[in-house]
Amino acid sequence: MQSIIILSILVLLAPVIGGIVYGIERKVKARMQNRMGPSIWQPFYDFMKLADKRLIMVHSTHAFLGIMHFVSIWVAVAVLIFGGDLILVIFLHLLSTALLIMGGFSTRSIFSHIGANRSAISILAYEPVLIIIAVSVYAVNGSFQISSIFQHDPLLYKMPLAFIALLLILPIKLKKSPFDVAEAHQEIAGGAEIEYSGIFFEALYTAKWLDYIFVYALVFLFGGSNYLLGAGLVIGTFFYVNALDNSSARVDYRQMLKFSYFVALPVAFISLLITLFN
Amino acid sequence: MLELKKFRKKSPWILHFNAGGCNGCDIEILACLAPKYDIERFGMINTGNPKQSDILLITGPVTKRTRERLVEVYNQMPEPKVVVCCGSCASTGGIFRGMYNIEGGVDQFIPVDVYVAGCACRPEQIIDGVVVALGILEEKTKDIEKTIRLANEPVTEDGQVNRRKMPAEYNIEKTV
């Protein structure tokens, strides 16, 4: 009973924690570029300001899809924290991205269309790897339940290659350089989120924070019953993603797909074969 | 109740628009974002998206081609918004004034709040201009929240209310 209350509080606080993660990330990124960087609470200042702006809605479906994107990603994070089905979590996350893509296609803006297109392509790039990792988890633990992962030894020791495959696709999933074609700020000005403004953009902005929670929770799963190892993995991944983001240039979507299909996917597949035949 | 007004000044998002200048001021604006001046420490981001930004930074004189885009971009920004002209070209037309393809300063087409002088304007000046613009942003938001009561009967011409000539007075404390 007590654990359920703690987990519910965690789920309710997930956007706040994600905001802090995003704030720390902006600070770390700035320090890596030898800048001062904004304060850690900057995402919340942005949040408050966006709530204050005057409403401009393109059309109601567009706004609704943006808000549903936020809601569905929160549901995915909730299922992940409560220890539900790993496949369900991955598909809920897919649903949230699909809603964003539909929102991107529902306007007439060409940038929105390009961004939605590229988001769909990035799904093609990272989703197979995630599914294969989930299947390898099943091969190791005999269950898709996330709560069962925490009762076993760390997954990292059993399938290190799967963790490497996850590290390879994380920049695609987090829309970080070199695989940030989906939102490419200098080129298509945010992609699918371009037509959102004010409080509707706020939903997308918060969904981005929840995305961090989702991804780092996935990394945390590799720690298994060893929570300390999980926390270490999360911190290491955090610095890896930001260092890569700062030190690399954007590749185009073909190179991204090729990288995913010829490097990340084979690594994940080999990991699956190893776990199956052990 | 949360005081939203406090945070308004802390996250000004910038939209940078080149109305047809020589790119000198644009480089200075980008220099503001670089490590030496680092305006991101005040929470400013160069968004490149009119629908999510608060401050419109304009460089260069308005040409015959860009004037409609300028007005369009200005209209797409949600209120409250502030316009800052960077450099003498954006303010008055500068050395391009009187050329066959130049319309002149930005203030002929949209209301301008802050003029930043210089050719090209220095990064320190741009930061100063944006800080002044933040004060204006604050005032504008307060103006939006004010209630307006008509001072006397609205002027009617041809049986229709003329909104332009509507005499109004601001009083916040008395009415609310």
# chains A, B, ... in the order shown; residues from 1 in each chain; ligands from 1

call {"tool": "interface_residues", "arguments": {"of": "chain B", "to": "chain A", "cutoff": "7 Å", "atoms": "only C-alpha atoms", "output": "CSV table (one decimal) with C-alpha atoms, in the first residue's frame"}}
result
chain,number,residue,atom,x,y,z
B,4,LEU,CA,2.9,34.7,-13.3
B,7,PHE,CA,8.4,35.0,-14.6
B,8,ARG,CA,7.5,37.0,-17.7
B,10,LYS,CA,12.8,35.7,-17.1
B,11,SER,CA,12.2,33.9,-20.3
B,35,PRO,CA,30.1,32.1,-25.2
B,38,ASP,CA,25.9,34.3,-23.7
B,40,GLU,CA,21.0,32.4,-22.7
B,41,ARG,CA,22.0,33.0,-19.1
B,42,PHE,CA,19.0,35.4,-19.0
B,43,GLY,CA,16.8,32.7,-20.4
B,48,GLY,CA,13.1,31.1,-35.1
B,49,ASN,CA,9.3,30.6,-34.6
B,51,LYS,CA,4.3,31.7,-32.6
B,52,GLN,CA,6.4,31.0,-29.6
B,78,PRO,CA,1.0,36.2,-29.9
B,79,GLU,CA,0.6,39.2,-27.5
B,80,PRO,CA,2.3,40.5,-25.5

call {"tool": "residues_around", "arguments": {"residues": "Phe214 of chain A", "least_positions_apart": "4", "cutoff": "8 Å", "atoms": "only C-alpha atoms", "output": "list in words"}}
result
Ala76, Val77, Leu80, Leu210 and Leu218 of chain A

call {"tool": "residues_around", "arguments": {"residues": "segment 68-71 of chain B", "least_positions_apart": "2", "cutoff": "12 Å", "atoms": "only C-alpha atoms", "output": "number ranges by chain"}}
result
B: 15-20, 50, 56-66, 73-77, 83, 90, 103, 105-111

call {"tool": "residues_around", "arguments": {"residues": "segment 232-246 of chain A", "least_positions_apart": "5", "cutoff": "7 Å", "atoms": "only C-alpha atoms", "output": "PyMOL selection string"}}
result
chain A and resi 29+171+176-178+216+219-220

call {"tool": "select_by_dssp", "arguments": {"residues": "segment 27-160 of chain B", "states": "alpha helix (DSSP H)", "output": "PyMOL selection string"}}
result
chain B and resi 27-33+66-76+88-92+123-145

call {"tool": "residues_around", "arguments": {"residues": "segment 262-268 of chain A", "least_positions_apart": "5", "cutoff": "10 Å", "atoms": "only C-alpha atoms", "output": "JSON, numbers by chain"}}
result
{"A": [125, 126, 127, 128, 129, 130, 131, 132, 133, 136, 159, 160, 161, 162, 163, 164, 165, 166, 167, 168, 169, 256, 257, 273, 274]}

call {"tool": "closest_residue", "arguments": {"among": "A:Ser8, A:Thr206, A:Ser247, A:Gln255", "to": "Val71 of chain A", "atoms": "only C-alpha atoms"}}
result
A:Thr206

call {"tool": "residues_around", "arguments": {"residues": "Thr97 of chain A", "least_positions_apart": "6", "cutoff": "10 Å", "atoms": "only C-alpha atoms", "output": "ChimeraX atom specification"}}
result
/A:69-70,72-73,91,103,116,119-120,123

call {"tool": "closest_residue", "arguments": {"among": "A:Ile17, A:Ile40, A:Ala184, A:Leu155", "to": "Leu229 of chain A", "atoms": "only C-alpha atoms"}}
result
A:Leu155

call {"tool": "atom_distance", "arguments": {"atom1": "atom CA of Ala31 of chain B", "atom2": "atom CA of Cys89 of chain B"}}
result
18.9 Å

call {"tool": "select_by_dssp", "arguments": {"residues": "segment 18-167 of chain B", "states": "strand (DSSP E)", "output": "PyMOL selection string"}}
result
chain B and resi 18+45-46+55-59+62-63+82-86+102-104+114-116+148-150+156-157+160-161

call {"tool": "closest_residue", "arguments": {"among": "A:Ala14, A:Ala192, A:Leu276, A:Ala63", "to": "Ile110 of chain A", "atoms": "only C-alpha atoms"}}
result
A:Ala192

call {"tool": "decode", "arguments": {"residues": "segment 84-116 of chain B", "atoms": "N, CA and C atoms", "output": "PDB file, in the first residue's frame"}}
result
ATOM      1  N   VAL B  84      12.152  45.124 -31.527  1.00  0.00           N
ATOM      2  CA  VAL B  84      13.427  45.817 -31.352  1.00  0.00           C
ATOM      3  C   VAL B  84      14.090  45.928 -32.720  1.00  0.00           C
ATOM      4  N   CYS B  85      14.463  47.167 -33.121  1.00  0.00           N
ATOM      5  CA  CYS B  85      15.176  47.373 -34.374  1.00  0.00           C
ATOM      6  C   CYS B  85      16.663  47.376 -34.091  1.00  0.00           C
ATOM      7  N   CYS B  86      17.407  46.483 -34.723  1.00  0.00           N
ATOM      8  CA  CYS B  86      18.844  46.432 -34.494  1.00  0.00           C
ATOM      9  C   CYS B  86      19.564  47.103 -35.641  1.00  0.00           C
ATOM     10  N   GLY B  87      20.293  48.147 -35.355  1.00  0.00           N
ATOM     11  CA  GLY B  87      21.105  48.799 -36.367  1.00  0.00           C
ATOM     12  C   GLY B  87      20.406  49.976 -37.007  1.00  0.00           C
ATOM     13  N   SER B  88      21.195  50.832 -37.651  1.00  0.00           N
ATOM     14  CA  SER B  88      20.614  52.053 -38.199  1.00  0.00           C
ATOM     15  C   SER B  88      19.747  51.767 -39.419  1.00  0.00           C
ATOM     16  N   CYS B  89      20.036  50.689 -40.160  1.00  0.00           N
ATOM     17  CA  CYS B  89      19.212  50.388 -41.336  1.00  0.00           C
ATOM     18  C   CYS B  89      17.791  50.060 -40.938  1.00  0.00           C
ATOM     19  N   ALA B  90      17.652  49.225 -39.904  1.00  0.00           N
ATOM     20  CA  ALA B  90      16.309  48.832 -39.483  1.00  0.00           C
ATOM     21  C   ALA B  90      15.583  50.032 -38.893  1.00  0.00           C
ATOM     22  N   SER B  91      16.327  50.944 -38.246  1.00  0.00           N
ATOM     23  CA  SER B  91      15.678  52.074 -37.599  1.00  0.00           C
ATOM     24  C   SER B  91      15.228  53.115 -38.615  1.00  0.00           C
ATOM     25  N   THR B  92      16.105  53.448 -39.574  1.00  0.00           N
ATOM     26  CA  THR B  92      15.772  54.555 -40.477  1.00  0.00           C
ATOM     27  C   THR B  92      15.906  54.225 -41.949  1.00  0.00           C
ATOM     28  N   GLY B  93      16.547  53.144 -42.263  1.00  0.00           N
ATOM     29  CA  GLY B  93      16.880  52.864 -43.651  1.00  0.00           C
ATOM     30  C   GLY B  93      18.377  52.941 -43.884  1.00  0.00           C
ATOM     31  N   GLY B  94      19.067  53.710 -43.032  1.00  0.00           N
ATOM     32  CA  GLY B  94      20.534  53.758 -43.037  1.00  0.00           C
ATOM     33  C   GLY B  94      21.115  54.165 -44.382  1.00  0.00           C
ATOM     34  N   ILE B  95      22.204  53.522 -44.764  1.00  0.00           N
ATOM     35  CA  ILE B  95      22.863  53.889 -46.013  1.00  0.00           C
ATOM     36  C   ILE B  95      22.067  53.444 -47.228  1.00  0.00           C
ATOM     37  N   PHE B  96      21.072  52.565 -47.007  1.00  0.00           N
ATOM     38  CA  PHE B  96      20.270  52.095 -48.142  1.00  0.00           C
ATOM     39  C   PHE B  96      19.102  53.028 -48.430  1.00  0.00           C
ATOM     40  N   ARG B  97      18.892  54.015 -47.603  1.00  0.00           N
ATOM     41  CA  ARG B  97      17.725  54.882 -47.717  1.00  0.00           C
ATOM     42  C   ARG B  97      17.692  55.573 -49.086  1.00  0.00           C
ATOM     43  N   GLY B  98      16.529  55.529 -49.717  1.00  0.00           N
ATOM     44  CA  GLY B  98      16.386  56.193 -51.003  1.00  0.00           C
ATOM     45  C   GLY B  98      16.716  55.321 -52.191  1.00  0.00           C
ATOM     46  N   MET B  99      17.165  54.090 -51.938  1.00  0.00           N
ATOM     47  CA  MET B  99      17.425  53.203 -53.071  1.00  0.00           C
ATOM     48  C   MET B  99      16.111  52.707 -53.660  1.00  0.00           C
ATOM     49  N   TYR B 100      16.165  52.245 -54.916  1.00  0.00           N
ATOM     50  CA  TYR B 100      14.921  51.920 -55.630  1.00  0.00           C
ATOM     51  C   TYR B 100      14.176  50.738 -55.026  1.00  0.00           C
ATOM     52  N   ASN B 101      14.908  49.852 -54.319  1.00  0.00           N
ATOM     53  CA  ASN B 101      14.246  48.654 -53.805  1.00  0.00           C
ATOM     54  C   ASN B 101      13.956  48.735 -52.318  1.00  0.00           C
ATOM     55  N   ILE B 102      14.250  49.885 -51.704  1.00  0.00           N
ATOM     56  CA  ILE B 102      14.142  49.990 -50.248  1.00  0.00           C
ATOM     57  C   ILE B 102      12.932  50.833 -49.874  1.00  0.00           C
ATOM     58  N   GLU B 103      12.184  50.339 -48.902  1.00  0.00           N
ATOM     59  CA  GLU B 103      11.008  51.076 -48.437  1.00  0.00           C
ATOM     60  C   GLU B 103      11.366  52.020 -47.301  1.00  0.00           C
ATOM     61  N   GLY B 104      12.437  51.713 -46.548  1.00  0.00           N
ATOM     62  CA  GLY B 104      12.814  52.573 -45.429  1.00  0.00           C
ATOM     63  C   GLY B 104      12.860  51.819 -44.130  1.00  0.00           C
ATOM     64  N   GLY B 105      12.664  52.525 -43.009  1.00  0.00           N
ATOM     65  CA  GLY B 105      12.767  51.912 -41.691  1.00  0.00           C
ATOM     66  C   GLY B 105      11.604  50.993 -41.395  1.00  0.00           C
ATOM     67  N   VAL B 106      11.779  50.185 -40.351  1.00  0.00           N
ATOM     68  CA  VAL B 106      10.755  49.208 -39.986  1.00  0.00           C
ATOM     69  C   VAL B 106       9.504  49.897 -39.462  1.00  0.00           C
ATOM     70  N   ASP B 107       9.696  51.088 -38.818  1.00  0.00           N
ATOM     71  CA  ASP B 107       8.556  51.716 -38.148  1.00  0.00           C
ATOM     72  C   ASP B 107       7.515  52.258 -39.121  1.00  0.00           C
ATOM     73  N   GLN B 108       7.778  52.183 -40.419  1.00  0.00           N
ATOM     74  CA  GLN B 108       6.735  52.567 -41.370  1.00  0.00           C
ATOM     75  C   GLN B 108       5.652  51.498 -41.478  1.00  0.00           C
ATOM     76  N   PHE B 109       5.985  50.288 -41.046  1.00  0.00           N
ATOM     77  CA  PHE B 109       5.049  49.181 -41.267  1.00  0.00           C
ATOM     78  C   PHE B 109       4.494  48.590 -39.982  1.00  0.00           C
ATOM     79  N   ILE B 110       5.341  48.438 -38.978  1.00  0.00           N
ATOM     80  CA  ILE B 110       4.860  47.892 -37.709  1.00  0.00           C
ATOM     81  C   ILE B 110       5.346  48.789 -36.581  1.00  0.00           C
ATOM     82  N   PRO B 111       4.619  48.824 -35.448  1.00  0.00           N
ATOM     83  CA  PRO B 111       5.061  49.654 -34.327  1.00  0.00           C
ATOM     84  C   PRO B 111       6.356  49.132 -33.721  1.00  0.00           C
ATOM     85  N   VAL B 112       7.316  50.029 -33.531  1.00  0.00           N
ATOM     86  CA  VAL B 112       8.625  49.651 -32.990  1.00  0.00           C
ATOM     87  C   VAL B 112       8.751  50.206 -31.576  1.00  0.00           C
ATOM     88  N   ASP B 113       9.297  49.416 -30.675  1.00  0.00           N
ATOM     89  CA  ASP B 113       9.424  49.843 -29.282  1.00  0.00           C
ATOM     90  C   ASP B 113      10.821  50.332 -28.947  1.00  0.00           C
ATOM     91  N   VAL B 114      11.842  49.636 -29.451  1.00  0.00           N
ATOM     92  CA  VAL B 114      13.209  50.011 -29.093  1.00  0.00           C
ATOM     93  C   VAL B 114      14.034  50.139 -30.373  1.00  0.00           C
ATOM     94  N   TYR B 115      14.797  51.229 -30.453  1.00  0.00           N
ATOM     95  CA  TYR B 115      15.735  51.392 -31.571  1.00  0.00           C
ATOM     96  C   TYR B 115      17.145  51.203 -31.031  1.00  0.00           C
ATOM     97  N   VAL B 116      17.903  50.305 -31.642  1.00  0.00           N
ATOM     98  CA  VAL B 116      19.299  50.124 -31.255  1.00  0.00           C
ATOM     99  C   VAL B 116      20.147  50.721 -32.366  1.00  0.00           C
TER     100      VAL B 116
END
